[in-house]
>>> print(open('work.cif').read())   # mmCIF, C-alpha atoms; chains and numbers go by the auth columns
data_query
loop_
_atom_site.group_PDB
_atom_site.id
_atom_site.type_symbol
_atom_site.label_atom_id
_atom_site.label_comp_id
_atom_site.label_asym_id
_atom_site.label_seq_id
_atom_site.Cartn_x
_atom_site.Cartn_y
_atom_site.Cartn_z
_atom_site.B_iso_or_equiv
_atom_site.auth_seq_id
_atom_site.auth_asym_id
ATOM 1 C CA MET A 1 16.700 13.124 -42.022 0.00 1 A
ATOM 2 C CA LYS A 2 15.501 10.073 -43.956 0.00 2 A
ATOM 3 C CA ALA A 3 17.319 7.895 -41.423 0.00 3 A
ATOM 4 C CA LEU A 4 15.454 9.524 -38.572 0.00 4 A
ATOM 5 C CA VAL A 5 12.123 8.939 -40.292 0.00 5 A
ATOM 6 C CA ALA A 6 12.972 5.312 -41.020 0.00 6 A
ATOM 7 C CA VAL A 7 14.094 4.670 -37.451 0.00 7 A
ATOM 8 C CA ARG A 8 10.939 6.277 -36.033 0.00 8 A
ATOM 9 C CA ARG A 9 8.812 3.588 -37.649 0.00 9 A
ATOM 10 C CA PHE A 10 10.644 0.884 -35.712 0.00 10 A
ATOM 11 C CA VAL A 11 10.927 2.523 -32.323 0.00 11 A
ATOM 12 C CA PRO A 12 7.850 3.090 -30.153 0.00 12 A
ATOM 13 C CA VAL A 13 9.473 5.904 -28.176 0.00 13 A
ATOM 14 C CA VAL A 14 10.318 9.363 -29.379 0.00 14 A
ATOM 15 C CA LEU A 15 13.807 9.597 -30.821 0.00 15 A
ATOM 16 C CA LEU A 16 16.171 12.185 -29.490 0.00 16 A
ATOM 17 C CA ALA A 17 19.100 13.552 -31.407 0.00 17 A
ATOM 18 C CA LEU A 18 22.115 14.580 -29.396 0.00 18 A
ATOM 19 C CA LEU A 19 24.833 16.891 -30.513 0.00 19 A
ATOM 20 C CA VAL A 20 28.140 16.004 -28.961 0.00 20 A
ATOM 21 C CA VAL A 21 31.461 17.700 -29.553 0.00 21 A
ATOM 22 C CA ALA A 22 34.916 17.346 -28.094 0.00 22 A
ATOM 23 C CA CYS A 23 36.739 19.656 -25.666 0.00 23 A
ATOM 24 C CA GLY A 24 35.743 22.394 -23.238 0.00 24 A
ATOM 25 C CA PRO A 25 33.527 22.840 -20.204 0.00 25 A
ATOM 26 C CA GLU A 26 30.898 25.369 -21.321 0.00 26 A
ATOM 27 C CA PRO A 27 27.525 24.497 -22.840 0.00 27 A
ATOM 28 C CA PRO A 28 26.952 25.526 -26.450 0.00 28 A
ATOM 29 C CA THR A 29 25.609 28.965 -27.225 0.00 29 A
ATOM 30 C CA ARG A 30 23.449 29.786 -30.234 0.00 30 A
ATOM 31 C CA PRO A 31 22.631 33.007 -32.084 0.00 31 A
ATOM 32 C CA ASP A 32 19.168 34.467 -31.542 0.00 32 A
ATOM 33 C CA ASP A 33 17.937 33.487 -35.015 0.00 33 A
ATOM 34 C CA SER A 34 18.844 29.789 -34.735 0.00 34 A
ATOM 35 C CA PRO A 35 16.353 27.078 -33.736 0.00 35 A
ATOM 36 C CA SER A 36 15.713 26.920 -30.014 0.00 36 A
ATOM 37 C CA ALA A 37 18.173 24.837 -28.078 0.00 37 A
ATOM 38 C CA LYS A 38 17.376 22.504 -25.225 0.00 38 A
ATOM 39 C CA LEU A 39 20.302 21.713 -22.991 0.00 39 A
ATOM 40 C CA HIS A 40 20.399 18.540 -20.953 0.00 40 A
ATOM 41 C CA PRO A 41 21.995 18.931 -17.480 0.00 41 A
ATOM 42 C CA THR A 42 25.152 17.317 -18.935 0.00 42 A
ATOM 43 C CA GLY A 43 25.432 20.302 -21.297 0.00 43 A
ATOM 44 C CA ILE A 44 24.557 18.171 -24.327 0.00 44 A
ATOM 45 C CA LEU A 45 22.371 19.978 -26.820 0.00 45 A
ATOM 46 C CA LEU A 46 19.155 18.065 -27.549 0.00 46 A
ATOM 47 C CA VAL A 47 17.601 18.442 -30.984 0.00 47 A
ATOM 48 C CA ASP A 48 14.037 17.434 -31.753 0.00 48 A
ATOM 49 C CA VAL A 49 13.372 14.670 -34.242 0.00 49 A
ATOM 50 C CA GLY A 50 12.823 16.258 -37.620 0.00 50 A
ATOM 51 C CA GLU A 51 14.500 19.564 -36.693 0.00 51 A
ATOM 52 C CA GLN A 52 16.124 20.924 -39.840 0.00 52 A
ATOM 53 C CA ILE A 53 19.863 20.634 -39.291 0.00 53 A
ATOM 54 C CA GLN A 54 20.897 21.230 -42.896 0.00 54 A
ATOM 55 C CA PRO A 55 18.334 22.917 -45.146 0.00 55 A
ATOM 56 C CA LEU A 56 18.010 21.874 -48.746 0.00 56 A
ATOM 57 C CA LEU A 57 20.174 23.928 -51.056 0.00 57 A
ATOM 58 C CA PRO A 58 17.982 25.907 -53.458 0.00 58 A
ATOM 59 C CA ALA A 59 20.282 26.186 -56.478 0.00 59 A
ATOM 60 C CA GLU A 60 22.717 23.946 -58.325 0.00 60 A
ATOM 61 C CA ALA A 61 25.525 26.494 -57.934 0.00 61 A
ATOM 62 C CA LEU A 62 25.077 26.431 -54.144 0.00 62 A
ATOM 63 C CA LYS A 63 25.016 22.630 -54.155 0.00 63 A
ATOM 64 C CA GLN A 64 28.334 22.594 -56.018 0.00 64 A
ATOM 65 C CA ALA A 65 29.880 25.226 -53.720 0.00 65 A
ATOM 66 C CA PHE A 66 28.689 23.278 -50.654 0.00 66 A
ATOM 67 C CA SER A 67 30.152 20.070 -52.076 0.00 67 A
ATOM 68 C CA ASP A 68 33.458 21.798 -52.863 0.00 68 A
ATOM 69 C CA ALA A 69 33.585 23.288 -49.342 0.00 69 A
ATOM 70 C CA THR A 70 32.890 19.855 -47.837 0.00 70 A
ATOM 71 C CA VAL A 71 35.711 18.278 -49.872 0.00 71 A
ATOM 72 C CA LEU A 72 38.022 21.120 -48.803 0.00 72 A
ATOM 73 C CA ALA A 73 37.089 20.572 -45.133 0.00 73 A
ATOM 74 C CA GLU A 74 37.655 16.822 -45.353 0.00 74 A
ATOM 75 C CA ALA A 75 41.044 17.335 -47.032 0.00 75 A
ATOM 76 C CA ASN A 76 42.065 19.926 -44.407 0.00 76 A
ATOM 77 C CA GLY A 77 40.273 18.550 -41.364 0.00 77 A
ATOM 78 C CA ASN A 78 42.615 20.056 -38.787 0.00 78 A
ATOM 79 C CA ASP A 79 42.083 23.583 -40.134 0.00 79 A
ATOM 80 C CA LEU A 80 38.466 23.507 -41.348 0.00 80 A
ATOM 81 C CA GLY A 81 35.153 22.400 -39.922 0.00 81 A
ATOM 82 C CA PHE A 82 31.962 21.513 -41.760 0.00 82 A
ATOM 83 C CA PRO A 83 30.296 24.061 -44.063 0.00 83 A
ATOM 84 C CA TRP A 84 26.648 24.958 -43.586 0.00 84 A
ATOM 85 C CA PHE A 85 23.993 26.663 -45.714 0.00 85 A
ATOM 86 C CA ASP A 86 22.139 29.393 -43.817 0.00 86 A
ATOM 87 C CA SER A 87 18.739 29.594 -45.462 0.00 87 A
ATOM 88 C CA SER A 88 17.889 32.836 -43.645 0.00 88 A
ATOM 89 C CA SER A 89 20.798 34.695 -45.298 0.00 89 A
ATOM 90 C CA GLY A 90 21.119 32.549 -48.435 0.00 90 A
ATOM 91 C CA GLU A 91 24.833 32.152 -47.756 0.00 91 A
ATOM 92 C CA LEU A 92 27.206 29.287 -47.196 0.00 92 A
ATOM 93 C CA VAL A 93 28.795 29.472 -43.774 0.00 93 A
ATOM 94 C CA LEU A 94 32.324 28.116 -43.862 0.00 94 A
ATOM 95 C CA SER A 95 34.042 26.964 -40.683 0.00 95 A
ATOM 96 C CA ALA A 96 37.634 27.868 -39.847 0.00 96 A
ATOM 97 C CA VAL A 97 39.470 26.293 -36.925 0.00 97 A
ATOM 98 C CA THR A 98 42.797 28.013 -37.539 0.00 98 A
ATOM 99 C CA ALA A 99 44.246 31.033 -39.337 0.00 99 A
ATOM 100 C CA ARG A 100 45.434 28.600 -42.014 0.00 100 A
ATOM 101 C CA GLY A 101 41.806 27.490 -42.380 0.00 101 A
ATOM 102 C CA ARG A 102 40.780 31.082 -43.132 0.00 102 A
ATOM 103 C CA GLU A 103 43.599 31.286 -45.684 0.00 103 A
ATOM 104 C CA LEU A 104 42.402 28.060 -47.327 0.00 104 A
ATOM 105 C CA ILE A 105 38.868 29.437 -47.592 0.00 105 A
ATOM 106 C CA THR A 106 40.117 32.689 -49.119 0.00 106 A
ATOM 107 C CA ALA A 107 42.384 30.845 -51.559 0.00 107 A
ATOM 108 C CA ALA A 108 39.509 28.585 -52.628 0.00 108 A
ATOM 109 C CA SER A 109 37.769 31.577 -54.265 0.00 109 A
ATOM 110 C CA ILE A 110 34.301 30.276 -53.515 0.00 110 A
ATOM 111 C CA ALA A 111 31.920 31.879 -56.012 0.00 111 A
ATOM 112 C CA ALA A 112 28.759 31.504 -53.914 0.00 112 A
ATOM 113 C CA PRO A 113 27.866 34.102 -51.279 0.00 113 A
ATOM 114 C CA HIS A 114 29.539 33.008 -48.053 0.00 114 A
ATOM 115 C CA GLY A 115 30.706 33.978 -44.604 0.00 115 A
ATOM 116 C CA ILE A 116 33.257 32.493 -42.250 0.00 116 A
ATOM 117 C CA ARG A 117 32.701 31.416 -38.652 0.00 117 A
ATOM 118 C CA ASP A 118 35.323 30.370 -36.141 0.00 118 A
ATOM 119 C CA VAL A 119 34.822 26.880 -34.732 0.00 119 A
ATOM 120 C CA ALA A 120 36.722 24.929 -32.115 0.00 120 A
ATOM 121 C CA HIS A 121 36.846 21.574 -33.911 0.00 121 A
ATOM 122 C CA GLY A 122 37.950 20.494 -37.335 0.00 122 A
ATOM 123 C CA ALA A 123 36.233 18.023 -39.592 0.00 123 A
ATOM 124 C CA ALA A 124 38.929 15.414 -38.855 0.00 124 A
ATOM 125 C CA GLU A 125 38.189 15.510 -35.115 0.00 125 A
ATOM 126 C CA LEU A 126 34.428 15.300 -35.637 0.00 126 A
ATOM 127 C CA ILE A 127 34.771 12.375 -38.025 0.00 127 A
ATOM 128 C CA ARG A 128 37.008 10.667 -35.445 0.00 128 A
ATOM 129 C CA ILE A 129 34.266 11.145 -32.831 0.00 129 A
ATOM 130 C CA GLN A 130 31.739 9.578 -35.212 0.00 130 A
ATOM 131 C CA ASP A 131 34.015 6.562 -35.550 0.00 131 A
ATOM 132 C CA GLU A 132 34.534 6.308 -31.777 0.00 132 A
ATOM 133 C CA VAL A 133 30.799 6.466 -31.082 0.00 133 A
ATOM 134 C CA THR A 134 30.235 3.406 -33.273 0.00 134 A
ATOM 135 C CA ARG A 135 32.497 1.403 -30.915 0.00 135 A
ATOM 136 C CA LEU A 136 30.935 2.449 -27.595 0.00 136 A
ATOM 137 C CA ARG A 137 28.715 -0.628 -27.310 0.00 137 A
ATOM 138 C CA SER A 138 31.658 -3.013 -27.664 0.00 138 A
ATOM 139 C CA GLN A 139 33.449 -0.994 -24.962 0.00 139 A
ATOM 140 C CA GLY A 140 30.617 -1.591 -22.492 0.00 140 A
ATOM 141 C CA VAL A 141 29.349 1.990 -22.297 0.00 141 A
ATOM 142 C CA PRO A 142 26.007 1.998 -20.426 0.00 142 A
ATOM 143 C CA ASP A 143 22.983 2.031 -22.765 0.00 143 A
ATOM 144 C CA ALA A 144 25.167 2.373 -25.875 0.00 144 A
ATOM 145 C CA GLU A 145 22.731 -0.005 -27.604 0.00 145 A
ATOM 146 C CA LEU A 146 20.313 2.957 -27.688 0.00 146 A
ATOM 147 C CA ILE A 147 22.535 4.644 -30.298 0.00 147 A
ATOM 148 C CA TYR A 148 20.937 4.272 -33.723 0.00 148 A
ATOM 149 C CA GLY A 149 23.387 6.268 -35.772 0.00 149 A
ATOM 150 C CA VAL A 150 25.852 9.101 -36.065 0.00 150 A
ATOM 151 C CA SER A 151 26.216 11.760 -38.715 0.00 151 A
ATOM 152 C CA ARG A 152 27.520 15.237 -39.363 0.00 152 A
ATOM 153 C CA ASP A 153 25.742 18.270 -38.059 0.00 153 A
ATOM 154 C CA HIS A 154 26.750 20.942 -40.540 0.00 154 A
ATOM 155 C CA ARG A 155 24.681 23.673 -38.854 0.00 155 A
ATOM 156 C CA ASP A 156 26.505 23.461 -35.528 0.00 156 A
ATOM 157 C CA ASN A 157 29.760 21.856 -36.721 0.00 157 A
ATOM 158 C CA ARG A 158 29.268 18.897 -34.410 0.00 158 A
ATOM 159 C CA THR A 159 28.702 15.175 -34.435 0.00 159 A
ATOM 160 C CA LEU A 160 25.042 14.190 -34.347 0.00 160 A
ATOM 161 C CA ILE A 161 24.229 11.075 -32.334 0.00 161 A
ATOM 162 C CA VAL A 162 20.731 9.627 -32.696 0.00 162 A
ATOM 163 C CA ILE A 163 19.361 7.629 -29.767 0.00 163 A
ATOM 164 C CA SER A 164 16.060 5.817 -29.341 0.00 164 A
ATOM 165 C CA ALA A 165 15.360 6.776 -25.723 0.00 165 A
ATOM 166 C CA MET A 166 16.663 9.163 -23.106 0.00 166 A
ATOM 167 C CA SER A 167 19.364 7.637 -20.915 0.00 167 A
ATOM 168 C CA ARG A 168 21.170 9.651 -18.246 0.00 168 A
ATOM 169 C CA PRO A 169 23.986 7.045 -17.981 0.00 169 A
ATOM 170 C CA LEU A 170 24.557 7.239 -21.745 0.00 170 A
ATOM 171 C CA LEU A 171 24.470 11.049 -21.769 0.00 171 A
ATOM 172 C CA ASP A 172 26.895 11.158 -18.843 0.00 172 A
ATOM 173 C CA ALA A 173 29.251 8.745 -20.635 0.00 173 A
ATOM 174 C CA LEU A 174 29.082 10.786 -23.849 0.00 174 A
ATOM 175 C CA ALA A 175 29.695 14.059 -22.002 0.00 175 A
ATOM 176 C CA GLU A 176 32.660 12.507 -20.172 0.00 176 A
ATOM 177 C CA ARG A 177 34.247 11.096 -23.332 0.00 177 A
ATOM 178 C CA PHE A 178 33.512 14.101 -25.548 0.00 178 A
ATOM 179 C CA PRO A 179 33.511 17.268 -23.408 0.00 179 A
ATOM 180 C CA LEU A 180 31.502 20.173 -24.813 0.00 180 A
ATOM 181 C CA THR A 181 32.537 23.555 -26.179 0.00 181 A
ATOM 182 C CA PRO A 182 30.470 26.548 -27.189 0.00 182 A
ATOM 183 C CA LEU A 183 30.159 27.667 -30.793 0.00 183 A
ATOM 184 C CA ARG A 184 31.525 31.069 -31.758 0.00 184 A
ATOM 185 C CA TYR A 185 29.540 32.918 -34.415 0.00 185 A
ATOM 186 C CA GLU A 186 30.636 35.995 -36.380 0.00 186 A
#
>>> encode(input="work.cif", output="structure tokens")
Amino acid sequence: MKALVAVRRFVPVVLLALLVVACGPEPPTRPDDSPSAKLHPTGILLVDVGEQIQPLLPAEALKQAFSDATVLAEANGNDLGFPWFDSSSGELVLSAVTARGRELITAASIAAPHGIRDVAHGAAELIRIQDEVTRLRSQGVPDAELIYGVSRDHRDNRTLIVISAMSRPLLDALAERFPLTPLRYE
């Protein structure tokens, strides 16, 4: 979030954060207790500047468990997505893409309270999307110069793309390159 704050000082327009994920035609769905979602007509989920995507972890043990889960996801990016801390339940939410991912989570014997959600995309795919987004300008994608940065969205297991102004051509290009899929929550 520090990056968003820093960028806001330099840009006279309101920043928009876009969540973009690969594969599938349906717009994302969210549980009732999650922050309100705004869907653009492309199906891209818009997130307000400053919206809490990853809450601060309250205890050192949770910080370590989150770090360990992140390392596990990065090492097994085809089977695991990004972990998330759900401040409303006080639990880590671990993301499994495959049955092997669930086995890896179980074998990891994570000491912190946690749950498992099924996700469509592994950490490796989302990191690949982050890398691809950084090259869109050199590929001539319309309005790609409006992209200020990319990062991980742990809450929704997606790639977060920060832009400085709304651009329908850019959103259309992103939606075409990285089709959307809904999240599945347990």
>>> residues_near_point(input="work.cif", point="(41.4, 14.4, -38.6)", cutoff="6 Å", atoms="all atoms listed in the file", output="list in words")
Gly77, Asn78, Ala124 and Glu125 of chain A
>>> atom_distance(input="work.cif", atom1="atom CA of A:Val119", atom2="atom CA of A:Arg137")
29.1 Å
>>> resolve_selection(input="work.cif", expression="the PyMOL selection byres ((chain A and resi 81-86) around 7)", output="list of chain:residue names")
A:Gln54, A:Pro55, A:Phe66, A:Ala69, A:Thr70, A:Ala73, A:Gly77, A:Leu80, A:Ser87, A:Ser88, A:Ser89, A:Gly90, A:Glu91, A:Leu92, A:Val93, A:Leu94, A:Ser95, A:Ala96, A:Val97, A:Val119, A:His121, A:Gly122, A:Ala123, A:His154, A:Arg155, A:Asn157
>>> atom_distance(input="work.cif", atom1="atom CA of A:Ser138", atom2="atom CA of A:Asp153")
24.4 Å
>>> closest_residue(input="work.cif", among="A:Gly140, A:Glu74, A:Glu145, A:Arg168", to="A:Ile127", atoms="all atoms listed in the file")
A:Glu74
>>> atom_distance(input="work.cif", atom1="atom CA of A:Pro142", atom2="atom CA of A:Asp172")
9.3 Å
>>> closest_residue(input="work.cif", among="A:Ile116, A:Asp143, A:Asp156, A:Tyr148", to="A:Leu174", atoms="all atoms listed in the file")
A:Asp143
>>> residues_around(input="work.cif", residues="A:Ala107", least_positions_apart="6", cutoff="12 Å", atoms="only C-alpha atoms", output="PDB file with C-alpha atoms, in the coordinates of the input")
ATOM      1  CA  ALA A  69      33.585  23.288 -49.342  1.00  0.00           C
ATOM      2  CA  LEU A  72      38.022  21.120 -48.803  1.00  0.00           C
ATOM      3  CA  ARG A 100      45.434  28.600 -42.014  1.00  0.00           C
ATOM      4  CA  GLY A 101      41.806  27.490 -42.380  1.00  0.00           C
TER       5      GLY A 101
END
>>> residues_near_point(input="work.cif", point="(25.7, 1.3, -26.8)", cutoff="12 Å", atoms="only C-alpha atoms", output="PyMOL selection string")
chain A and resi 132-149+161-165+167+169-171+173-174
>>> axis_aligned_box(input="work.cif", around="stretch 103-112 of chain A", padding_each_side="8 Å", output="JSON")
{"center_x": 36.2, "center_y": 30.4, "center_z": -50.8, "size_x": 30.8, "size_y": 20.6, "size_z": 26.3}
